[in-house]
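Structure file work03.cif (mmCIF, C-alpha atoms, pLDDT in the B column; chains and numbers go by the auth columns) is printed below.
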data_model
loop_
_atom_site.group_PDB
_atom_site.id
_atom_site.type_symbol
_atom_site.label_atom_id
_atom_site.label_comp_id
_atom_site.label_asym_id
_atom_site.label_seq_id
_atom_site.Cartn_x
_atom_site.Cartn_y
_atom_site.Cartn_z
_atom_site.B_iso_or_equiv
_atom_site.auth_seq_id
_atom_site.auth_asym_id
ATOM 1 C CA MET A 1 104.531 54.234 86.655 61.00 1 A
ATOM 2 C CA PRO A 2 105.437 57.125 88.998 75.00 2 A
ATOM 3 C CA ALA A 3 103.283 58.057 91.985 80.00 3 A
ATOM 4 C CA THR A 4 102.499 61.610 93.171 77.00 4 A
ATOM 5 C CA ASP A 5 102.962 63.432 96.457 72.00 5 A
ATOM 6 C CA LYS A 6 100.610 62.953 99.410 74.00 6 A
ATOM 7 C CA TYR A 7 99.546 66.648 99.387 72.00 7 A
ATOM 8 C CA GLY A 8 97.678 66.346 96.101 72.00 8 A
ATOM 9 C CA GLN A 9 100.017 68.691 94.235 72.00 9 A
ATOM 10 C CA GLU A 10 100.720 66.135 91.480 76.00 10 A
ATOM 11 C CA ILE A 11 104.499 66.216 91.997 77.00 11 A
ATOM 12 C CA PRO A 12 105.695 62.864 90.644 76.00 12 A
ATOM 13 C CA TYR A 13 108.266 60.511 92.112 76.00 13 A
ATOM 14 C CA SER A 14 109.492 57.139 90.861 77.00 14 A
ATOM 15 C CA LEU A 15 108.613 53.835 92.469 77.00 15 A
ATOM 16 C CA LEU A 16 111.173 51.106 93.025 78.00 16 A
ATOM 17 C CA THR A 17 109.440 49.069 90.316 82.00 17 A
ATOM 18 C CA ASP A 18 109.931 51.838 87.673 78.00 18 A
ATOM 19 C CA ALA A 19 112.777 51.627 85.177 81.00 19 A
ATOM 20 C CA ALA A 20 115.745 53.671 86.398 81.00 20 A
ATOM 21 C CA ASP A 21 115.876 57.074 84.650 80.00 21 A
ATOM 22 C CA ALA A 22 117.388 59.756 86.872 80.00 22 A
ATOM 23 C CA GLN A 23 116.972 62.457 84.212 82.00 23 A
ATOM 24 C CA GLN A 24 113.253 61.790 83.806 79.00 24 A
ATOM 25 C CA LEU A 25 112.809 61.619 87.594 73.00 25 A
ATOM 26 C CA GLY A 26 114.601 64.941 88.127 78.00 26 A
ATOM 27 C CA LYS A 27 112.779 66.680 85.265 78.00 27 A
ATOM 28 C CA GLY A 28 109.382 65.500 86.499 74.00 28 A
ATOM 29 C CA ILE A 29 110.014 66.773 90.007 77.00 29 A
ATOM 30 C CA ALA A 30 111.592 70.071 88.862 77.00 30 A
ATOM 31 C CA ASP A 31 108.848 70.881 86.325 74.00 31 A
ATOM 32 C CA ALA A 32 106.031 70.070 88.748 75.00 32 A
ATOM 33 C CA ALA A 33 107.606 71.920 91.699 75.00 33 A
ATOM 34 C CA ALA A 34 108.567 75.046 89.700 75.00 34 A
ATOM 35 C CA GLY A 35 104.990 75.680 88.563 76.00 35 A
ATOM 36 C CA ARG A 36 103.787 75.393 92.146 79.00 36 A
ATOM 37 C CA SER A 37 106.450 77.600 93.724 86.00 37 A
ATOM 38 C CA VAL A 38 106.874 81.372 93.630 92.00 38 A
ATOM 39 C CA MET A 39 108.568 81.831 90.279 91.00 39 A
ATOM 40 C CA ARG A 40 110.924 84.793 89.788 93.00 40 A
ATOM 41 C CA PHE A 41 111.162 86.946 86.652 94.00 41 A
ATOM 42 C CA ALA A 42 112.966 90.185 85.763 94.00 42 A
ATOM 43 C CA SER A 43 109.750 91.731 84.380 92.00 43 A
ATOM 44 C CA ALA A 44 106.247 90.965 83.147 90.00 44 A
ATOM 45 C CA ALA A 45 107.651 90.847 79.597 92.00 45 A
ATOM 46 C CA ASN A 46 110.247 88.275 80.683 94.00 46 A
ATOM 47 C CA ARG A 47 107.506 86.236 82.396 94.00 47 A
ATOM 48 C CA GLY A 48 105.348 86.350 79.259 93.00 48 A
ATOM 49 C CA ALA A 49 108.208 85.199 77.038 94.00 49 A
ATOM 50 C CA THR A 50 109.129 82.359 79.410 93.00 50 A
ATOM 51 C CA LEU A 51 105.632 81.090 80.218 93.00 51 A
ATOM 52 C CA ALA A 52 104.488 80.217 76.705 92.00 52 A
ATOM 53 C CA GLY A 53 103.669 77.127 74.674 92.00 53 A
ATOM 54 C CA ASP A 54 103.811 73.960 76.774 88.00 54 A
ATOM 55 C CA SER A 55 104.982 76.148 79.697 89.00 55 A
ATOM 56 C CA ALA A 56 101.941 78.462 79.487 93.00 56 A
ATOM 57 C CA PRO A 57 100.698 79.828 82.825 94.00 57 A
ATOM 58 C CA GLN A 58 98.096 77.832 84.689 91.00 58 A
ATOM 59 C CA GLU A 59 95.509 78.990 87.174 94.00 59 A
ATOM 60 C CA GLY A 60 96.998 79.449 90.649 92.00 60 A
ATOM 61 C CA MET A 61 100.579 80.161 89.574 93.00 61 A
ATOM 62 C CA VAL A 62 102.433 82.857 91.546 95.00 62 A
ATOM 63 C CA ALA A 63 105.317 84.974 90.231 94.00 63 A
ATOM 64 C CA TYR A 64 107.597 87.668 91.650 93.00 64 A
ATOM 65 C CA LEU A 65 108.478 90.528 89.273 91.00 65 A
ATOM 66 C CA LYS A 66 111.827 92.067 90.152 89.00 66 A
ATOM 67 C CA ASP A 67 111.324 95.361 88.273 86.00 67 A
ATOM 68 C CA ALA A 68 107.932 95.987 89.912 81.00 68 A
ATOM 69 C CA ASP A 69 108.945 94.446 93.274 84.00 69 A
ATOM 70 C CA ARG A 70 105.559 92.707 93.305 86.00 70 A
ATOM 71 C CA LEU A 71 103.942 89.280 93.611 90.00 71 A
ATOM 72 C CA ASP A 72 101.308 88.373 90.999 90.00 72 A
ATOM 73 C CA TYR A 73 99.013 85.360 90.673 90.00 73 A
ATOM 74 C CA TYR A 74 97.407 83.883 87.560 94.00 74 A
ATOM 75 C CA ASP A 75 93.603 83.589 87.754 93.00 75 A
ATOM 76 C CA GLY A 76 93.305 81.453 84.620 93.00 76 A
ATOM 77 C CA GLY A 77 93.101 84.418 82.254 93.00 77 A
ATOM 78 C CA ASN A 78 95.166 87.284 83.684 88.00 78 A
ATOM 79 C CA TRP A 79 98.074 87.990 86.010 90.00 79 A
ATOM 80 C CA LEU A 80 96.787 89.982 88.994 84.00 80 A
ATOM 81 C CA PRO A 81 98.853 91.628 91.739 83.00 81 A
ATOM 82 C CA LEU A 82 98.978 90.037 95.195 85.00 82 A
ATOM 83 C CA THR A 83 101.084 92.801 96.736 84.00 83 A
ATOM 84 C CA PRO A 84 101.188 96.549 96.104 83.00 84 A
ATOM 85 C CA GLY A 85 103.532 97.659 93.394 77.00 85 A
ATOM 86 C CA PRO A 86 106.014 100.457 94.020 83.00 86 A
ATOM 87 C CA TRP A 87 104.959 104.091 94.070 91.00 87 A
ATOM 88 C CA ILE A 88 105.486 105.649 90.620 92.00 88 A
ATOM 89 C CA PRO A 89 105.811 109.461 90.312 95.00 89 A
ATOM 90 C CA PHE A 90 102.522 111.054 89.284 93.00 90 A
ATOM 91 C CA PRO A 91 102.532 111.991 85.543 94.00 91 A
ATOM 92 C CA LEU A 92 101.887 115.736 85.594 96.00 92 A
ATOM 93 C CA ALA A 93 99.991 117.794 83.026 97.00 93 A
ATOM 94 C CA SER A 94 101.584 120.952 81.648 97.00 94 A
ATOM 95 C CA GLY A 95 101.397 123.778 84.204 97.00 95 A
ATOM 96 C CA ILE A 96 101.014 121.425 87.208 97.00 96 A
ATOM 97 C CA SER A 97 103.727 120.733 89.839 97.00 97 A
ATOM 98 C CA TYR A 98 104.208 118.551 92.879 96.00 98 A
ATOM 99 C CA ASN A 99 103.234 120.272 96.117 95.00 99 A
ATOM 100 C CA THR A 100 103.692 117.816 99.016 92.00 100 A
ATOM 101 C CA GLY A 101 103.439 114.121 99.819 88.00 101 A
ATOM 102 C CA SER A 102 105.504 112.871 96.859 92.00 102 A
ATOM 103 C CA PRO A 103 102.550 112.645 94.422 96.00 103 A
ATOM 104 C CA ALA A 104 102.507 109.168 92.941 96.00 104 A
ATOM 105 C CA TYR A 105 100.348 106.202 91.926 94.00 105 A
ATOM 106 C CA ARG A 106 100.620 102.439 92.346 90.00 106 A
ATOM 107 C CA LEU A 107 98.703 99.239 91.705 83.00 107 A
ATOM 108 C CA VAL A 108 97.191 97.552 94.781 82.00 108 A
ATOM 109 C CA ASN A 109 95.119 94.365 94.339 74.00 109 A
ATOM 110 C CA GLY A 110 93.532 95.419 91.052 76.00 110 A
ATOM 111 C CA SER A 111 93.076 99.075 92.038 85.00 111 A
ATOM 112 C CA VAL A 112 95.093 102.191 91.329 90.00 112 A
ATOM 113 C CA GLU A 113 95.925 104.194 94.452 93.00 113 A
ATOM 114 C CA LEU A 114 97.005 107.877 94.396 95.00 114 A
ATOM 115 C CA ARG A 115 98.831 110.025 96.957 96.00 115 A
ATOM 116 C CA GLY A 116 100.134 113.571 97.417 96.00 116 A
ATOM 117 C CA THR A 117 99.081 117.135 96.618 96.00 117 A
ATOM 118 C CA LEU A 118 99.452 119.106 93.391 97.00 118 A
ATOM 119 C CA ARG A 119 99.672 122.838 92.613 96.00 119 A
ATOM 120 C CA ARG A 120 99.958 125.131 89.628 96.00 120 A
ATOM 121 C CA THR A 121 103.514 125.693 88.427 97.00 121 A
ATOM 122 C CA ASP A 122 103.056 129.482 88.317 96.00 122 A
ATOM 123 C CA GLY A 123 101.988 129.575 91.994 93.00 123 A
ATOM 124 C CA ASP A 124 98.501 130.960 91.281 94.00 124 A
ATOM 125 C CA GLY A 125 95.405 129.364 92.812 92.00 125 A
ATOM 126 C CA PHE A 126 93.116 127.060 90.868 93.00 126 A
ATOM 127 C CA ALA A 127 90.171 128.986 89.397 91.00 127 A
ATOM 128 C CA ALA A 128 86.719 127.955 90.604 90.00 128 A
ATOM 129 C CA GLY A 129 84.242 126.605 88.085 90.00 129 A
ATOM 130 C CA THR A 130 86.847 125.411 85.566 89.00 130 A
ATOM 131 C CA THR A 131 88.067 121.915 84.850 93.00 131 A
ATOM 132 C CA ILE A 132 91.765 121.544 85.608 95.00 132 A
ATOM 133 C CA HIS A 133 93.772 118.788 83.899 97.00 133 A
ATOM 134 C CA LEU A 134 96.185 117.488 86.579 98.00 134 A
ATOM 135 C CA GLY A 135 97.819 114.556 84.779 97.00 135 A
ATOM 136 C CA THR A 136 97.348 111.338 82.822 96.00 136 A
ATOM 137 C CA LEU A 137 97.661 107.780 84.091 94.00 137 A
ATOM 138 C CA PRO A 138 99.432 105.401 81.681 92.00 138 A
ATOM 139 C CA GLY A 139 97.525 102.599 79.936 88.00 139 A
ATOM 140 C CA GLY A 140 96.819 99.644 82.197 84.00 140 A
ATOM 141 C CA TYR A 141 95.975 101.971 85.112 88.00 141 A
ATOM 142 C CA TRP A 142 92.677 103.337 83.765 90.00 142 A
ATOM 143 C CA PRO A 143 89.349 102.451 85.422 90.00 143 A
ATOM 144 C CA GLY A 144 86.657 100.627 83.460 89.00 144 A
ATOM 145 C CA TYR A 145 84.229 103.550 83.820 92.00 145 A
ATOM 146 C CA TYR A 146 84.253 107.233 84.892 94.00 146 A
ATOM 147 C CA ARG A 147 85.239 107.601 88.541 94.00 147 A
ATOM 148 C CA TYR A 148 84.488 110.683 90.671 95.00 148 A
ATOM 149 C CA TYR A 149 85.882 111.625 94.093 95.00 149 A
ATOM 150 C CA ILE A 150 85.664 114.466 96.577 94.00 150 A
ATOM 151 C CA VAL A 151 89.226 115.510 97.462 94.00 151 A
ATOM 152 C CA ALA A 152 90.768 118.032 99.848 92.00 152 A
ATOM 153 C CA THR A 153 92.094 121.440 98.815 92.00 153 A
ATOM 154 C CA GLU A 154 93.880 124.265 100.585 88.00 154 A
ATOM 155 C CA TRP A 155 91.679 126.053 103.094 79.00 155 A
ATOM 156 C CA ALA A 156 89.579 128.385 100.952 66.00 156 A
ATOM 157 C CA THR A 157 85.873 129.248 100.724 63.00 157 A
ATOM 158 C CA GLN A 158 85.287 125.525 100.492 70.00 158 A
ATOM 159 C CA ILE A 159 87.973 122.957 101.250 80.00 159 A
ATOM 160 C CA HIS A 160 87.172 120.360 98.628 87.00 160 A
ATOM 161 C CA ALA A 161 87.109 119.738 94.904 92.00 161 A
ATOM 162 C CA ARG A 162 85.736 117.063 92.602 94.00 162 A
ATOM 163 C CA LEU A 163 88.301 114.745 91.015 96.00 163 A
ATOM 164 C CA GLU A 164 87.468 112.720 87.895 96.00 164 A
ATOM 165 C CA ILE A 165 89.347 109.847 86.234 95.00 165 A
ATOM 166 C CA ASP A 166 88.445 109.371 82.567 96.00 166 A
ATOM 167 C CA PRO A 167 88.385 105.689 81.452 95.00 167 A
ATOM 168 C CA THR A 168 88.919 106.572 77.773 95.00 168 A
ATOM 169 C CA ASN A 169 92.294 108.300 78.117 96.00 169 A
ATOM 170 C CA GLY A 170 93.454 108.096 81.764 95.00 170 A
ATOM 171 C CA TRP A 171 93.082 111.837 82.311 96.00 171 A
ATOM 172 C CA ILE A 172 92.746 113.027 85.886 97.00 172 A
ATOM 173 C CA ASN A 173 90.818 116.291 86.076 97.00 173 A
ATOM 174 C CA ALA A 174 89.655 118.400 89.000 96.00 174 A
ATOM 175 C CA LEU A 175 86.861 120.900 89.412 95.00 175 A
ATOM 176 C CA VAL A 176 87.154 123.477 92.205 91.00 176 A
ATOM 177 C CA LEU A 177 83.685 124.585 93.274 86.00 177 A
ATOM 178 C CA SER A 178 84.584 127.938 94.841 85.00 178 A
ATOM 179 C CA GLY A 179 87.544 129.921 96.097 87.00 179 A
ATOM 180 C CA ALA A 180 91.018 129.688 94.571 90.00 180 A
ATOM 181 C CA PRO A 181 92.981 127.036 96.496 92.00 181 A
ATOM 182 C CA HIS A 182 96.717 126.746 95.845 93.00 182 A
ATOM 183 C CA TRP A 183 96.781 122.949 96.067 95.00 183 A
ATOM 184 C CA ILE A 184 94.555 119.935 95.398 95.00 184 A
ATOM 185 C CA GLY A 185 95.005 116.644 97.228 94.00 185 A
ATOM 186 C CA ILE A 186 94.836 113.249 95.562 95.00 186 A
ATOM 187 C CA ASP A 187 95.513 111.291 98.780 91.00 187 A
ATOM 188 C CA GLY A 188 93.290 108.298 99.338 87.00 188 A
ATOM 189 C CA VAL A 189 91.903 108.117 95.799 91.00 189 A
ATOM 190 C CA SER A 190 91.620 104.444 94.860 88.00 190 A
ATOM 191 C CA SER A 191 90.096 103.306 91.570 84.00 191 A
ATOM 192 C CA SER A 192 89.422 99.706 90.569 82.00 192 A
ATOM 193 C CA LEU A 193 90.546 98.731 87.085 75.00 193 A
#

Would you mind writing the file's structure down as structure tokens?
Amino acid sequence: MPATDKYGQEIPYSLLTDAADAQQLGKGIADAAAGRSVMRFASAANRGATLAGDSAPQEGMVAYLKDADRLDYYDGGNWLPLTPGPWIPFPLASGISYNTGSPAYRLVNGSVELRGTLRRTDGDGFAAGTTIHLGTLPGGYWPGYYRYYIVATEWATQIHARLEIDPTNGWINALVLSGAPHWIGIDGVSSSL
């Protein structure tokens, strides 16, 4: 009957009184240690295909995803990020262009974070009093409810706009209150999922 480690991690080892079985000893140690270490996978899809059946994820597991360059942990129901994912170029709507700050989004501890400034492709200012569709976040990055933010704009009559993230389709829209600024900032916008 094997014993387990003194740290309470349930990693088995054989006793001198156990029947000799090097394969069983090695498998027991490897299986127990692997699930308690930082596992490495090419992608979330690869992790999902590997951790299935009798190897299903268990609460507290930690995995590194190479494609996302991110650490995730399993909370017993979902994989959640431990570290920020990489910046992904902001998905622009038709007629919108990057202005400055490398507009992008990323996942940080269960929240989507945005950065950069956006402008109209034709170079005109954004018209006051109209809703402007800036871009659409992909599925998995949408908030659970409507989110509203005050964001910076180019110096104009007023230097701010209202930004909205729609939870039903991932649309990011802006409303300029007055003036006709040539750019709208999305820096510092952070929305929990």

Mind pulling up the distance from CA of Glu59 (chain A) to CA of Pro167 (chain A)?
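About the pair CA of Pro167 (chain A) and CA of Glu59 (chain A): they are 28.2 Å apart.
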
Of the residues A:Gly144, A:Gly170, A:Gly179, A:Gly125, which is the one nearest to Leu193 (chain A), using all atoms listed in the file?
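Comparing A:Gly144, A:Gly170, A:Gly179, A:Gly125 against Leu193 (chain A), the winner is A:Gly144.
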
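For the residues A:Pro81, A:Gly129, A:Leu71, A:Asp124, ranking by smallest atom-to-atom distance to Val38 (chain A) using only C-alpha atoms places A:Leu71 first.
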
How would you write, as a VMD selection string, the residues chosen by the PyMOL selection byres ((chain A and resi 182) around 12) on this structure?
chain A and resid 96 to 100 117 to 128 152 to 156 159 to 161 176 179 to 181 183 to 185

Could you check which of A:Thr50, A:Thr168, A:Gln9, A:Ser190 is closest to Val112 (chain A), using all atoms listed in the file?
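Selected residue with least distance to Val112 (chain A): A:Ser190.
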
Hey, which of A:Leu137, A:Met39, A:Pro2, A:Ile29 ends up closest to Ala93 (chain A)? Count only C-alpha atoms.
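Ranked by minimum distance to Ala93 (chain A), first place goes to A:Leu137.
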
With the file shown as input, list the residues that the PyMOL selection byres ((chain A and resi 25) around 12) selects, as a short mmCIF file (atom, residue, chain, number, x, y, z; two decimals) with C-alpha atoms, keeping the file's coordinate frame.
data_model
loop_
_atom_site.label_atom_id
_atom_site.label_comp_id
_atom_site.auth_asym_id
_atom_site.auth_seq_id
_atom_site.Cartn_x
_atom_site.Cartn_y
_atom_site.Cartn_z
CA MET A 1 104.53 54.23 86.66
CA PRO A 2 105.44 57.12 89.00
CA ALA A 3 103.28 58.06 91.98
CA THR A 4 102.50 61.61 93.17
CA ILE A 11 104.50 66.22 92.00
CA PRO A 12 105.70 62.86 90.64
CA TYR A 13 108.27 60.51 92.11
CA SER A 14 109.49 57.14 90.86
CA LEU A 15 108.61 53.84 92.47
CA LEU A 16 111.17 51.11 93.02
CA ASP A 18 109.93 51.84 87.67
CA ALA A 19 112.78 51.63 85.18
CA ALA A 20 115.74 53.67 86.40
CA ASP A 21 115.88 57.07 84.65
CA ALA A 22 117.39 59.76 86.87
CA GLN A 23 116.97 62.46 84.21
CA GLN A 24 113.25 61.79 83.81
CA GLY A 26 114.60 64.94 88.13
CA LYS A 27 112.78 66.68 85.26
CA GLY A 28 109.38 65.50 86.50
CA ILE A 29 110.01 66.77 90.01
CA ALA A 30 111.59 70.07 88.86
CA ASP A 31 108.85 70.88 86.32
CA ALA A 32 106.03 70.07 88.75
#

Given the PyMOL selection byres ((chain A and resi 40) around 8) and the file above, list the residues it selects as a list in words.
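Taken over the shown coordinates, the PyMOL selection byres ((chain A and resi 40) around 8) returns Val38, Met39, Phe41, Ala42, Ala63, Tyr64, Leu65 and Lys66 of chain A.
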
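Atom pair CA of Ala49 (chain A) / CA of Gly76 (chain A) has a distance of 17.1 Å (rounded to one decimal).
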
Contact residues around Glu164 (chain A) with only C-alpha atoms at 9 Å, ignoring same-chain residues under 2 positions, as a list in words
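Selected residues are Tyr146, Arg147, Tyr148, Tyr149, Arg162, Asp166, Trp171, Ile172, Asn173, Ala174 and Leu175 of chain A.
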
For Ser37 (chain A), please output as a ChimeraX atom specification all residues within 8 Å (counting all atoms listed in the file; exclusion window: fewer than 4 positions along the same chain).
/A:33,61-62

Might you pull out every residue within 6 Å of Pro103 (chain A), with all atoms listed in the file counted and same-chain residues fewer than 3 positions away left off, and present them as a ChimeraX atom specification?
/A:90,115-116

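Here CA of Asn109 (chain A) and CA of Pro138 (chain A) stand 17.3 Å from one another.
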
Within 8 Å of (99.6, 104.4, 93.3) (file coordinates; only C-alpha atoms), which protein or nucleic acid residues are there? I'd like them as number ranges by chain.
A: 85-88, 104-108, 112-115

Could the centre and edge lengths of an axis-aligned box, enclosing all atoms of region 38-54 of chain A in the file with 4 Å extra on each side, be given in Å to one decimal as JSON?
{"center_x": 108.3, "center_y": 82.8, "center_z": 84.2, "size_x": 17.3, "size_y": 25.8, "size_z": 27.0}

Find, counting all atoms listed in the file, the residue in A:Thr17, A:Gly101, A:Gln58, A:Trp79 that gets nearest to Ala45 (chain A).
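Under the stated criterion, the closest residue is A:Trp79.
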
Nearest residue to Arg47 (chain A) from the set A:Asp75, A:Asp67, A:Thr136, A:Leu163 (distances using all atoms listed in the file):
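Closest candidate: A:Asp67.
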